[in-house]
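Working notes, beginning with the structure itself.
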Amino acid sequence: VADSKLASSDSSYLFERQLLNRYALFVLENSHTFSKAFILNSEVGFHTYDRIKDEATPKSFVRENAKNRNPVFGSNRFVTKVVGNIAFTPRYEIALGVSHVNEFVGHGWNRDPRDMFIYGIVNGADSNASTIVYSVGKGWYAQTFSAMAEANLKFHPKLNVVLSGRADKHDYTDYLFSPRVAVLSDMGRAGVYKLIAQRAQRMNDSSELWIAHRAGVKPPPEELQGVEFIWNSPANKLLDVSLSSFCNKTQLLGFNQTKLSVTHLGDVTIAGVELEIKRQTKKYTVGASHSYADLVKFKLGTDVPIASISYADARTITGGGTMIVGGTGDNLNNWANHSTKVYFNYRVVPGRITLHGDARVFWAFEGKKDALQMFQDGMDSAS
C-alpha cells in the first residue's frame, strides 16, 4: 500500500496520490497415497485481488468521464488442480496433472460497479471521443485450462534427467507450450551440478486479453528462452554454497494504451551470476547472496521508437521539445546490476511455525546513467 497525501495548492483536489493493492488467498489441499507407486495430490483455492489508484482526484469528479478515471478493479479466481505421481520403479517416475482457473474481473471489494475502470475498459457505455473505451458492464469471466507432465529418469547414480512440460489454453489465447530439460549430476565430494534449458510462454494480463478479444485478435505470447548452470557444494555441517549462472533471451510485449493493442517492444538478452552462502540447523537458517546481471543485447521491435527496458537501442526522435539521436549505453534500465540479500528463518515450531526476515540492497543502476546521457546528447545536438 502506498499513500501520499501531499498538500495541494488547489483545494479542489481530495488528495494527490494513492495506490492500494489487497490480496486474499484461501486454499484446501489433500494428498492421498493409494500405494507406494501412486500418490494423488489435489487442491481447491479461491484467490481474490483488489486494486485502486488515484492521482490528484478532483472533488468535481465525474465517474462517467473516462478521462477522470484511474484504475479501480478487482478479480476473483477459483482454482482446482489435480496431480498424480506414479513411480514405475525407484529409478523412473512421472507426474501428470491438470488445472482449471475460472476468473472474474470487475469492480473491487465493496465498491460501486460504476467505478470499475481498467485502461480502456469501463462499466459504462462505449466511447471513442478522446480515447478508445470499451464497456463490459459489471465485468467478465474467462477460463484457463492447463496440463502438465514431468518425467524423472535416473539413468545412473551420477546422471539424472528431468523432462517436463506445461500447456495452457486461455479463452482468449492460442495454446501455450513451455518445455524444460534439466540434467543433474551428484559428483560426491565435488558437489552437485545442474544444467537447465527451458522455454516459457506467458500470456498477457486479463484486461489486455479481453481488449484483444474484443478487437477480434489473439495476441502472441511473451516468450522466454533460457539456459542456467548451477553448482552446489557437497553436504557438510558448516556451510552450504551455491554458484549459478544464466543467460535468458526474452521476446518483450507491451500494451499500447493509445491503440489499446499488444505491441512487440523488442528482444532482450540478459546474463548474470549469483553466489549464495548459508548455514542451516534444525532450528534456524541464515544466509546471504549476491547477484550480478547485465544486458547482453537489446533490439527494438518494428516501429517502436524507444522502450524503457533499455536505451541501448533507440531511434532518432525529434519534435515536442524532445530530441533523441539514437541508442546510448549497453545496460538495463530500471534494474540494478547488483543485488545483495541477507535472510534468516527461525523454526519456532518445526514444520508448523517459522519466523522469517530478510533485507535486500539493489545498487549500480547504470541504465539510469544511459538515459541521462541519451537526453543530454539530444540537447547538445539540438543546440
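Residue numbering restarts at 1 for every chain of the C-alpha cells, chains are lettered A, B, ... in their displayed order, and ligands are numbered from 1 as they appear.
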
message: Taking the DSSP secondary structure from the backbone, can you list the residues of stretch 181-252 of chain A that are strand (DSSP E or B), as a VMD selection string?
response: chain A and resid 181 to 186 192 to 202 222 to 232 240 to 252

- prompt: Residues at most 8 Å from A:Ser339, counting only C-alpha atoms, excluding those fewer than 3 positions away in the same chain, as a PyMOL selection string?
  reply: chain A and resi 290-292+336+360-363

- prompt: A:Ser244: which residues within 10 Å, counting only C-alpha atoms, same-chain residues fewer than 4 positions away excluded, as a PyMOL selection string?
  reply: chain A and resi 193-195+228-232+272-276+291

Any chance you can output those residues with N, CA, C and O atoms as a JSON list (two decimals), in the first residue's frame?
```json
[["chain", "number", "residue", "atom", "x", "y", "z"],
["A", 193, "TYR", "N", 25.97, -30.80, -9.74],
["A", 193, "TYR", "CA", 25.95, -29.95, -10.93],
["A", 193, "TYR", "C", 24.58, -30.07, -11.60],
["A", 193, "TYR", "O", 24.04, -31.17, -11.73],
["A", 194, "LYS", "N", 24.05, -28.91, -12.04],
["A", 194, "LYS", "CA", 22.75, -28.90, -12.72],
["A", 194, "LYS", "C", 22.85, -28.02, -13.96],
["A", 194, "LYS", "O", 23.36, -26.90, -13.90],
["A", 195, "LEU", "N", 22.34, -28.53, -15.06],
["A", 195, "LEU", "CA", 22.25, -27.77, -16.31],
["A", 195, "LEU", "C", 20.80, -27.77, -16.75],
["A", 195, "LEU", "O", 20.20, -28.83, -16.92],
["A", 228, "GLU", "N", 20.61, -22.25, -17.76],
["A", 228, "GLU", "CA", 21.14, -21.98, -16.42],
["A", 228, "GLU", "C", 22.04, -23.13, -15.98],
["A", 228, "GLU", "O", 21.74, -24.30, -16.21],
["A", 229, "PHE", "N", 23.15, -22.76, -15.35],
["A", 229, "PHE", "CA", 24.07, -23.74, -14.79],
["A", 229, "PHE", "C", 24.22, -23.46, -13.30],
["A", 229, "PHE", "O", 24.44, -22.32, -12.89],
["A", 230, "ILE", "N", 24.09, -24.52, -12.47],
["A", 230, "ILE", "CA", 24.12, -24.37, -11.01],
["A", 230, "ILE", "C", 25.09, -25.38, -10.42],
["A", 230, "ILE", "O", 25.08, -26.56, -10.81],
["A", 231, "TRP", "N", 25.91, -24.92, -9.48],
["A", 231, "TRP", "CA", 26.78, -25.81, -8.71],
["A", 231, "TRP", "C", 26.46, -25.66, -7.24],
["A", 231, "TRP", "O", 26.38, -24.53, -6.73],
["A", 232, "ASN", "N", 26.23, -26.76, -6.55],
["A", 232, "ASN", "CA", 26.00, -26.78, -5.10],
["A", 232, "ASN", "C", 27.12, -27.55, -4.44],
["A", 232, "ASN", "O", 27.53, -28.62, -4.90],
["A", 272, "GLY", "N", 23.82, -13.34, -16.22],
["A", 272, "GLY", "CA", 24.20, -12.98, -14.86],
["A", 272, "GLY", "C", 24.72, -14.16, -14.07],
["A", 272, "GLY", "O", 24.70, -15.31, -14.53],
["A", 273, "VAL", "N", 25.22, -13.87, -12.86],
["A", 273, "VAL", "CA", 25.73, -14.89, -11.94],
["A", 273, "VAL", "C", 25.22, -14.57, -10.54],
["A", 273, "VAL", "O", 24.87, -13.42, -10.23],
["A", 274, "GLU", "N", 25.15, -15.60, -9.69],
["A", 274, "GLU", "CA", 24.73, -15.42, -8.31],
["A", 274, "GLU", "C", 25.49, -16.38, -7.40],
["A", 274, "GLU", "O", 25.66, -17.56, -7.72],
["A", 275, "LEU", "N", 25.93, -15.86, -6.26],
["A", 275, "LEU", "CA", 26.61, -16.65, -5.24],
["A", 275, "LEU", "C", 25.79, -16.61, -3.96],
["A", 275, "LEU", "O", 25.38, -15.52, -3.51],
["A", 276, "GLU", "N", 25.52, -17.77, -3.36],
["A", 276, "GLU", "CA", 24.76, -17.83, -2.12],
["A", 276, "GLU", "C", 25.50, -18.71, -1.11],
["A", 276, "GLU", "O", 26.01, -19.78, -1.44],
["A", 291, "SER", "N", 24.07, -11.15, -6.40],
["A", 291, "SER", "CA", 23.88, -11.45, -7.81],
["A", 291, "SER", "C", 24.30, -10.26, -8.67],
["A", 291, "SER", "O", 24.23, -9.10, -8.24]]
```

query: Which parts of stretch 41-272 of chain A does DSSP call helix (DSSP H, G or I) when run on the backbone here, written out as a list in words?
result: Ala66, Lys67, Asn68, Pro113, Arg114, Asp115, Gly188, Arg189, Ala190, Ser206, Ser207, Glu208, Leu209, Trp210, Ile211, Ala212, His213 and Arg214 of chain A

Which of A:Lys249, A:His156, A:Lys169, A:Lys81 sits closest to A:Leu295 [using only C-alpha atoms]: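 Ranking A:Lys249, A:His156, A:Lys169, A:Lys81 by distance to A:Leu295, first place goes to A:Lys249.
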
field: Closest of A:Asn152, A:Thr48, A:Asn102, A:Ser146 to A:Ile86 - atom-to-atom distances counting only C-alpha atoms
entry: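 Ranking A:Asn152, A:Thr48, A:Asn102, A:Ser146 by distance to A:Ile86, first place goes to A:Asn152.
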
- request: Find the distance between atom CA of A:Gln376 and atom CA of A:Asn334 and write it in Å to one decimal.
  value: 18.6 Å

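Interatomic distance, atom CA of A:Asp115 to atom CA of A:Trp140: 15.1 Å.
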